[in-house]
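Heads up, the thing below is written out as structure tokens.
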Amino acid sequence: MNILKKIQEYACRRPEQIAIRCGDSALTYGELWNYSDGLAAWFLQTQGDDRSPVAVYGHKDPWMLVCFLACVKAGRGYCPIDRSVPQTRVEMILQAVPSGVVLTTEAMTADAGTKQVLVSEELKALAEKKHPEVPETAWVSGKDTWYIIFTSGSTGTPKGVQISADCLNHYLDWSVGLGSAAEEKDGQVFLNQAPFSFDLSVMDLYTSLASGGTLYCLEKTVQSDYRLLMQSLGASNANVWVSTPSFAEVCLSEKSFSEELLPKLQVFLFCGETLGNRTVQKLQERFPKAAVVNTYGPTESTVAVTDVLVTPQMARETEPLPVGRAKPGTRIEIRDEAGTVLPDGEKGEIIILGDTVSTGYYRQEELTKKAFFEQAEGAGVIRGYHTGDKGYLEDGMLFYCGRIDLQIKLHGYRIELEDIENNIRRIPGIEHAVVLPNLRDDKVKSLTAYVVERELPKAEREEMARLKQELLQFVPGYMVPKKFVFLEQMPMTNNGKADRKKLAELGKKPERKVMV
Ligand code: AMP
């Protein structure tokens with residue numbers, strides 16, 4: 001697929017169709033195409049040969065998309081920065097991205113140094129100006145970087161994952177068919193939960209554009225107010241749901257979250273975190289007509305590389321759920337520490353090889369060398385990525401077993417924290433669970449489980465004893481956390497995953513219940 005060509009085709013065929021809606025503002029395909037052309041023309045006229053990636057700052061605003069497309073039409077990659085990104089991190093990213101221009105759709109408090117910051121009104125004025133046509137030859141293509149998404153690095157400095165036009169197009173060839181045949185998605189409404197600086201948003205944003213759909217954005221203010229959230233979902237007419245499992249769990253705590261609220265919903269697409277059996281069962285009860293699809297993948301291999309349709313039988317009988325089979329153009333291997341490919345059923349590191357693997361971390365050669373590699377395959381070369389995830393294959397079906405770095409040693413026992421979490425989630429009444437190690441002198445001394453139950457227990461001590469007892473049915477005694485902390489809600493990161501850092505801080509404080 002050539003995604004720009006596709007959008008152009010929709011802009012010609014159905015210029016009035018809404019491409020993106022965020023709250024009260026929306027842009028049609030025709031507007032999106034013309035405005036992004038206008039802004040791209042400005043880049044080409046004024047910024048010379050500087051093709052370095054451009055930072056685009058803001059939140060869920062249709063003009064963010066105009067900026068993204070303007071950059072790639074002018075031969076520059078873009079780097080989305082959501083306003084929820086802390087100021088110091090924004091500054092770090094701005095320093096890492098050398099372009100002399102920053103595009104913003106809202107006021108930015110971060111210091112942009114000597115860069116020219118174009119604010120919303122300026123962008124609009126430039127985009128609406130009469131301009132010469134932007135030649136296709138200027139567009140980002142092939143191995144050129146389409147976007148850079150910064151993810152947290154273990155050193156505390158964010159790493160910029162570069163995704164090329166080829167990677168994105170290969171990904172879209174597959175994602176337009178997720179959950180149903182490609183044609184059926186034509187003109188459908190896709191729900192957007194993730195901020196644009198999180199690669200999960202690529203799943204809804206570009207799959208929607210690739211199939212002539214409408215992207216319906218849920219802004220942060222809407223997501224943090226249940227009443228507004230349910231109202232907005234009700235008004236969305238959404239056909240395709242894309243979110244982290246944690247976000248769906250938050251929605252499930254509202255009784256009104258059901259087929260009546262979203263009568264046209266056909267498919268739930270999940271990625272980014274473990275999808276629990278009970279979450280799927282609840283969704284299948286409340287949305288009997290909607291398919292549930294689990295997908296897996298890291299930002300480093302363009303959003304997702306495997307998928308599986310989770311049937312009601314699978315949700316009942318296969319625990320944990322699989323994360324799916326590799327998409328065409330991708331191969332999954334399980335390797336041990338020595339790099340030997342392991343047979344079916346044996347656990348090791350998940351290695352992704354194929355046509356959506358990133359070209360590497362932006363201007364970080366050492367880190368790129370550590371995580372990425374190339375190997376000869378047939379007449380050509382294939383790119384590979386070490387995910388740092390643990391898993392195993394069964395006849396081509398991938399099962400995820402947690403992060404290698406979430407593996408701890410407690411009193412000599414090797415324990416996967418996610419293994420305990422998945423088993424706590426099997427206990428009746430549990431909505432969500434995260435387990436963290438308690439460290440002293442860098443050694444794990446004990447474990448704490450942070451749980452959300454359908455109702456906050458009145459007698460915490462008794463409830464803790466019950467949970468410990470129930471958990472013993474599934475895991476050995478040394479895996480039962482010493483402490484259970486009961487929460488009203490699981491704190492979540494801006495990307496919609498359970499926020500382990502916030503929980504760790506909470507564990508140190510005397511007050512324990514949090515409303516997030
Ligand atoms: P990110 O790059 O932020 O999307 O995070 C990628 C990581 O999220 C992967 O390396 C996995 O550890 C985790 N992940 C992604 N998809 C799934 C899934 N379906 N089930 C469990 N973990 C997942």
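Labels used: A, B, ... for chains in the order of the structure tokens, numbers from 1 for residues in each chain, and numbers from 1 for ligands as shown.
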Would you pick out the contacts of stretch 487-504 of chain A at 10 Å or less, using only C-alpha atoms, so that residues sharing its chain but fewer than 5 positions from it are not included, and give the list as a CSV table (one decimal) with N, CA and C atoms, in the first residue's frame?
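As written to disk, result.csv reads:
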chain,number,residue,atom,x,y,z
A,82,ASP,N,2.7,14.4,22.6
A,82,ASP,CA,1.4,14.8,23.2
A,82,ASP,C,1.7,15.8,24.3
A,83,ARG,N,0.7,16.6,24.6
A,83,ARG,CA,0.9,17.6,25.7
A,83,ARG,C,1.0,17.0,27.0
A,84,SER,N,0.7,15.7,27.2
A,84,SER,CA,0.8,15.0,28.5
A,84,SER,C,2.3,14.7,28.8
A,85,VAL,N,3.1,14.8,27.8
A,85,VAL,CA,4.6,14.5,28.0
A,85,VAL,C,5.2,15.6,28.9
A,193,GLN,N,-8.1,6.0,21.4
A,193,GLN,CA,-7.9,6.2,22.8
A,193,GLN,C,-6.5,6.7,23.1
A,194,ALA,N,-5.5,6.1,22.4
A,194,ALA,CA,-4.1,6.4,22.7
A,194,ALA,C,-3.7,7.8,22.2
A,195,PRO,N,-2.8,8.5,23.0
A,195,PRO,CA,-2.3,9.8,22.4
A,195,PRO,C,-1.4,9.5,21.2
A,196,PHE,N,-1.3,10.5,20.3
A,196,PHE,CA,-0.5,10.3,19.1
A,196,PHE,C,0.9,10.0,19.3
A,197,SER,N,1.4,10.3,20.5
A,197,SER,CA,2.9,10.0,20.8
A,197,SER,C,3.1,8.5,21.2
A,198,PHE,N,2.0,7.8,21.3
A,198,PHE,CA,2.1,6.3,21.6
A,198,PHE,C,1.7,5.6,20.3
A,199,ASP,N,2.5,4.6,20.0
A,199,ASP,CA,2.3,4.0,18.6
A,199,ASP,C,1.0,3.2,18.5
A,200,LEU,N,0.4,2.9,19.6
A,200,LEU,CA,-0.9,2.3,19.4
A,200,LEU,C,-1.9,3.1,18.6
A,201,SER,N,-1.7,4.5,18.7
A,201,SER,CA,-2.6,5.4,17.9
A,201,SER,C,-2.4,5.2,16.4
A,220,LYS,N,-8.2,13.6,26.4
A,220,LYS,CA,-7.8,13.2,27.8
A,220,LYS,C,-8.9,13.6,28.8
A,243,SER,N,-7.7,0.0,21.7
A,243,SER,CA,-7.3,0.5,23.0
A,243,SER,C,-6.4,-0.5,23.6
A,244,THR,N,-5.8,-0.1,24.7
A,244,THR,CA,-5.1,-1.0,25.6
A,244,THR,C,-6.2,-1.8,26.4
A,245,PRO,N,-5.9,-3.0,26.9
A,245,PRO,CA,-6.9,-3.7,27.7
A,245,PRO,C,-7.2,-2.9,28.9
A,246,SER,N,-6.3,-2.2,29.5
A,246,SER,CA,-6.6,-1.4,30.8
A,246,SER,C,-7.7,-0.4,30.5
A,247,PHE,N,-7.7,0.2,29.4
A,247,PHE,CA,-8.7,1.2,29.1
A,247,PHE,C,-10.1,0.5,29.0
A,248,ALA,N,-10.1,-0.6,28.4
A,248,ALA,CA,-11.4,-1.4,28.3
A,248,ALA,C,-11.9,-1.8,29.7
A,249,GLU,N,-10.9,-2.1,30.5
A,249,GLU,CA,-11.3,-2.5,31.9
A,249,GLU,C,-11.9,-1.3,32.6
A,250,VAL,N,-11.3,-0.2,32.4
A,250,VAL,CA,-11.9,1.1,33.1
A,250,VAL,C,-13.3,1.2,32.6
A,253,SER,N,-16.0,-1.0,34.1
A,253,SER,CA,-16.5,-0.7,35.4
A,253,SER,C,-17.8,0.1,35.4
A,272,GLY,N,-0.6,-3.9,23.3
A,272,GLY,CA,0.2,-3.1,24.3
A,272,GLY,C,0.3,-3.7,25.7
A,273,GLU,N,-0.5,-4.6,26.1
A,273,GLU,CA,-0.5,-5.2,27.4
A,273,GLU,C,-1.2,-6.5,27.4
A,274,THR,N,-1.1,-7.3,28.5
A,274,THR,CA,-1.7,-8.6,28.6
A,274,THR,C,-3.2,-8.4,28.6
A,431,GLU,N,-10.7,-7.1,39.4
A,431,GLU,CA,-10.8,-6.5,38.1
A,431,GLU,C,-9.4,-6.3,37.5
A,432,HIS,N,-8.4,-6.0,38.3
A,432,HIS,CA,-7.1,-5.7,37.8
A,432,HIS,C,-6.0,-6.0,38.9
A,433,ALA,N,-4.8,-6.4,38.5
A,433,ALA,CA,-3.8,-6.7,39.4
A,433,ALA,C,-2.4,-6.4,38.8
A,434,VAL,N,-1.6,-5.7,39.6
A,434,VAL,CA,-0.2,-5.5,39.3
A,434,VAL,C,0.7,-5.9,40.5
A,435,VAL,N,1.7,-6.6,40.2
A,435,VAL,CA,2.6,-7.0,41.3
A,435,VAL,C,4.0,-6.4,41.2
A,436,LEU,N,4.5,-5.8,42.3
A,436,LEU,CA,5.8,-5.1,42.3
A,436,LEU,C,6.7,-5.7,43.3
A,437,PRO,N,8.0,-5.8,43.0
A,437,PRO,CA,8.9,-6.3,44.0
A,437,PRO,C,9.3,-5.1,45.0
A,438,ASN,N,9.5,-5.5,46.3
A,438,ASN,CA,10.0,-4.5,47.2
A,438,ASN,C,11.5,-4.8,47.4
A,448,THR,N,4.5,-7.0,46.6
A,448,THR,CA,3.2,-6.4,46.9
A,448,THR,C,2.3,-6.5,45.7
A,449,ALA,N,1.1,-6.9,45.9
A,449,ALA,CA,0.1,-6.9,44.8
A,449,ALA,C,-0.8,-5.7,45.0
A,450,TYR,N,-1.0,-5.0,43.9
A,450,TYR,CA,-1.9,-3.8,43.9
A,450,TYR,C,-3.2,-4.3,43.1
A,451,VAL,N,-4.3,-4.3,43.8
A,451,VAL,CA,-5.5,-4.9,43.1
A,451,VAL,C,-6.7,-3.9,43.1
A,452,VAL,N,-7.4,-4.1,42.1
A,452,VAL,CA,-8.7,-3.4,42.0
A,452,VAL,C,-9.8,-4.5,42.0
A,453,GLU,N,-10.7,-4.3,43.0
A,453,GLU,CA,-11.8,-5.3,43.0
A,453,GLU,C,-13.1,-4.6,42.6
A,454,ARG,N,-14.1,-5.5,42.3
A,454,ARG,CA,-15.4,-4.9,41.9
A,454,ARG,C,-15.8,-3.9,43.0
A,455,GLU,N,-15.6,-4.3,44.3
A,455,GLU,CA,-16.0,-3.3,45.4
A,455,GLU,C,-14.8,-3.3,46.3
A,456,LEU,N,-14.5,-2.1,46.8
A,456,LEU,CA,-13.4,-1.9,47.8
A,456,LEU,C,-13.8,-2.7,49.0
A,457,PRO,N,-12.9,-3.6,49.5
A,457,PRO,CA,-13.3,-4.4,50.7
A,457,PRO,C,-13.3,-3.5,52.0
A,509,LYS,N,4.1,5.2,50.4
A,509,LYS,CA,3.3,6.1,51.2
A,509,LYS,C,2.4,5.5,52.2
A,512,ARG,N,-3.2,4.5,51.2
A,512,ARG,CA,-3.1,3.5,50.3
A,512,ARG,C,-4.1,3.5,49.1
A,513,LYS,N,-5.3,4.0,49.4
A,513,LYS,CA,-6.3,4.0,48.4
A,513,LYS,C,-6.2,5.2,47.5
A,514,VAL,N,-6.3,5.0,46.2
A,514,VAL,CA,-6.2,6.1,45.3
A,514,VAL,C,-7.4,6.2,44.4
A,515,MET,N,-7.7,7.4,44.1
A,515,MET,CA,-8.7,7.7,43.0
A,515,MET,C,-7.8,8.3,42.0
A,516,VAL,N,-7.8,7.8,40.8
A,516,VAL,CA,-7.0,8.4,39.8
A,516,VAL,C,-7.8,9.1,38.8
Please identify every polymer residue within 7 Å of ligand 1, using only C-alpha atoms and all ligand atoms, and present the set as a PyMOL selection string.
chain A and resi 151+198-200+270-275+294-300+303+323+387-389+400+402-403
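Non-sequential neighbours of A:Cys217 (distance at most 9 Å, separation of 6 or more positions within a chain, only C-alpha atoms) are A:Ile20, A:Arg21, A:Cys22, A:Gly23, A:Lys60, A:Asp61, A:Phe190, A:Leu191, A:Asn192, A:Gln193, A:Ala194.
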Restrict the selected residues to N, CA, C and O atoms and save them as an mmCIF file, in the first residue's frame.
data_model
loop_
_atom_site.group_PDB
_atom_site.id
_atom_site.type_symbol
_atom_site.label_atom_id
_atom_site.label_comp_id
_atom_site.auth_asym_id
_atom_site.auth_seq_id
_atom_site.Cartn_x
_atom_site.Cartn_y
_atom_site.Cartn_z
ATOM 1 N N ILE A 20 -11.317 13.002 10.398
ATOM 2 C CA ILE A 20 -10.967 12.984 11.831
ATOM 3 C C ILE A 20 -11.873 13.937 12.597
ATOM 4 O O ILE A 20 -12.165 15.042 12.127
ATOM 5 N N ARG A 21 -12.320 13.445 13.755
ATOM 6 C CA ARG A 21 -13.167 14.279 14.613
ATOM 7 C C ARG A 21 -12.590 14.247 16.028
ATOM 8 O O ARG A 21 -12.348 13.168 16.573
ATOM 9 N N CYS A 22 -12.331 15.414 16.583
ATOM 10 C CA CYS A 22 -11.871 15.508 17.981
ATOM 11 C C CYS A 22 -12.779 16.520 18.664
ATOM 12 O O CYS A 22 -12.700 17.719 18.351
ATOM 13 N N GLY A 23 -13.625 16.079 19.545
ATOM 14 C CA GLY A 23 -14.570 16.983 20.205
ATOM 15 C C GLY A 23 -15.414 17.699 19.163
ATOM 16 O O GLY A 23 -16.026 17.066 18.305
ATOM 17 N N LYS A 60 -5.227 15.959 20.981
ATOM 18 C CA LYS A 60 -6.055 15.394 19.915
ATOM 19 C C LYS A 60 -6.770 16.531 19.198
ATOM 20 O O LYS A 60 -7.791 17.019 19.667
ATOM 21 N N ASP A 61 -6.215 16.907 18.091
ATOM 22 C CA ASP A 61 -6.715 18.037 17.325
ATOM 23 C C ASP A 61 -6.563 17.634 15.861
ATOM 24 O O ASP A 61 -5.498 17.134 15.476
ATOM 25 N N PHE A 190 -13.488 4.665 13.548
ATOM 26 C CA PHE A 190 -12.465 4.061 14.407
ATOM 27 C C PHE A 190 -12.319 4.912 15.662
ATOM 28 O O PHE A 190 -12.200 6.135 15.573
ATOM 29 N N LEU A 191 -12.294 4.245 16.789
ATOM 30 C CA LEU A 191 -12.151 4.959 18.054
ATOM 31 C C LEU A 191 -10.672 5.129 18.384
ATOM 32 O O LEU A 191 -9.902 4.180 18.268
ATOM 33 N N ASN A 192 -10.295 6.332 18.787
ATOM 34 C CA ASN A 192 -8.900 6.558 19.166
ATOM 35 C C ASN A 192 -8.806 6.856 20.653
ATOM 36 O O ASN A 192 -9.340 7.846 21.125
ATOM 37 N N GLN A 193 -8.123 5.978 21.381
ATOM 38 C CA GLN A 193 -7.877 6.194 22.817
ATOM 39 C C GLN A 193 -6.483 6.745 23.063
ATOM 40 O O GLN A 193 -6.273 7.658 23.846
ATOM 41 N N ALA A 194 -5.482 6.148 22.404
ATOM 42 C CA ALA A 194 -4.082 6.448 22.720
ATOM 43 C C ALA A 194 -3.683 7.830 22.211
ATOM 44 O O ALA A 194 -4.135 8.262 21.155
#
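Here atom CA of A:Asp144 is placed at a distance of 20.0 Å from atom CA of A:Leu94.
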Separation of atom CA of A:Met314 from atom CA of A:Gln281, in Å and rounded to one decimal
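So the two atoms, atom CA of A:Met314 and atom CA of A:Gln281, lie 9.7 Å apart.
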Within stretch 425-512 of chain A, find each residue whose DSSP state, derived from the backbone, is alpha helix (DSSP H), and express the selection as a ChimeraX atom specification.
/A:460-471,500-508
In Å, how far is it from atom CA of A:Asp405 to atom CA of A:Pro328?
28.8 Å
Would you mind listing what lies within 6 Å of A:Leu269 as a PyMOL selection string, with only C-alpha atoms counted and same-chain residues fewer than 2 positions away left out?
chain A and resi 241-242+293
Residue among A:Pro98, A:Gly391, A:Gly276, A:Gly77 lying closest to A:Val161, counting only C-alpha atoms
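Ranked by minimum distance to A:Val161, first place goes to A:Gly77.
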Please, which residues of stretch 434-481 of chain A, numbered as in this document, come out strand (DSSP E) from DSSP, as an NGL selection string?
:A and (434-440 or 443-453)
Nearest residue to A:Met479 from the set A:Lys508, A:Arg278, A:Asp336, A:Tyr413 (distances using only C-alpha atoms)
A:Tyr413
Go through A:Phe287, A:Phe484, A:Trp139, A:Phe474 one by one, measure the shortest atom-to-atom distance of each to A:Ser256 using only C-alpha atoms, and give the residue with the smallest value.
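Selected residue with least distance to A:Ser256: A:Phe287.
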Contacts of A:Ala338 at 12 Å (only C-alpha atoms; same-chain gap of 3+ positions) as a list in words:
Ile334, Arg335, Val341, Leu342, Gly348 and Glu349 of chain A
Can you tell me, as a VMD selection string, what residues are no more than 12 Å from A:Tyr206 when counting only C-alpha atoms, ignoring any on the same chain fewer than 4 positions away?
chain A and resid 1 to 4 6 to 7 19 to 20 65 68 to 69 168 to 176 190 to 192 196 199 to 202 210 to 215 242 302 to 303
Do you know which residues are at most 8 Å from A:Tyr392 counting only C-alpha atoms, after dropping those on the same chain fewer than 3 positions away, and could you put them as a ChimeraX atom specification?
/A:334,344-348,350,398-401
Could you save those same residues with N, CA and C atoms as an mmCIF file, in the first residue's frame?
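Here's the written file part-v3.cif:
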data_model
loop_
_atom_site.group_PDB
_atom_site.id
_atom_site.type_symbol
_atom_site.label_atom_id
_atom_site.label_comp_id
_atom_site.auth_asym_id
_atom_site.auth_seq_id
_atom_site.Cartn_x
_atom_site.Cartn_y
_atom_site.Cartn_z
ATOM 1 N N ILE A 334 11.740 -17.875 18.655
ATOM 2 C CA ILE A 334 12.026 -17.864 20.096
ATOM 3 C C ILE A 334 13.475 -18.324 20.235
ATOM 4 N N ASP A 344 9.111 -25.541 19.458
ATOM 5 C CA ASP A 344 7.776 -25.235 19.990
ATOM 6 C C ASP A 344 7.689 -25.586 21.475
ATOM 7 N N GLY A 345 7.026 -24.742 22.211
ATOM 8 C CA GLY A 345 6.765 -25.039 23.618
ATOM 9 C C GLY A 345 7.842 -24.545 24.565
ATOM 10 N N GLU A 346 9.042 -24.290 24.041
ATOM 11 C CA GLU A 346 10.117 -23.830 24.940
ATOM 12 C C GLU A 346 10.140 -22.305 25.025
ATOM 13 N N LYS A 347 10.322 -21.822 26.261
ATOM 14 C CA LYS A 347 10.297 -20.366 26.465
ATOM 15 C C LYS A 347 11.645 -19.732 26.185
ATOM 16 N N GLY A 348 11.628 -18.575 25.585
ATOM 17 C CA GLY A 348 12.850 -17.823 25.324
ATOM 18 C C GLY A 348 12.483 -16.418 24.916
ATOM 19 N N ILE A 350 11.442 -13.436 22.534
ATOM 20 C CA ILE A 350 10.700 -13.284 21.272
ATOM 21 C C ILE A 350 11.520 -12.401 20.344
ATOM 22 N N LEU A 398 1.703 -17.557 19.006
ATOM 23 C CA LEU A 398 2.623 -16.996 19.998
ATOM 24 C C LEU A 398 1.931 -16.783 21.336
ATOM 25 N N PHE A 399 2.624 -17.175 22.390
ATOM 26 C CA PHE A 399 2.161 -16.915 23.753
ATOM 27 C C PHE A 399 3.190 -16.016 24.429
ATOM 28 N N TYR A 400 2.689 -14.980 25.086
ATOM 29 C CA TYR A 400 3.574 -13.989 25.723
ATOM 30 C C TYR A 400 3.687 -14.317 27.205
ATOM 31 N N CYS A 401 4.900 -14.317 27.727
ATOM 32 C CA CYS A 401 5.084 -14.678 29.143
ATOM 33 C C CYS A 401 5.761 -13.563 29.923
#
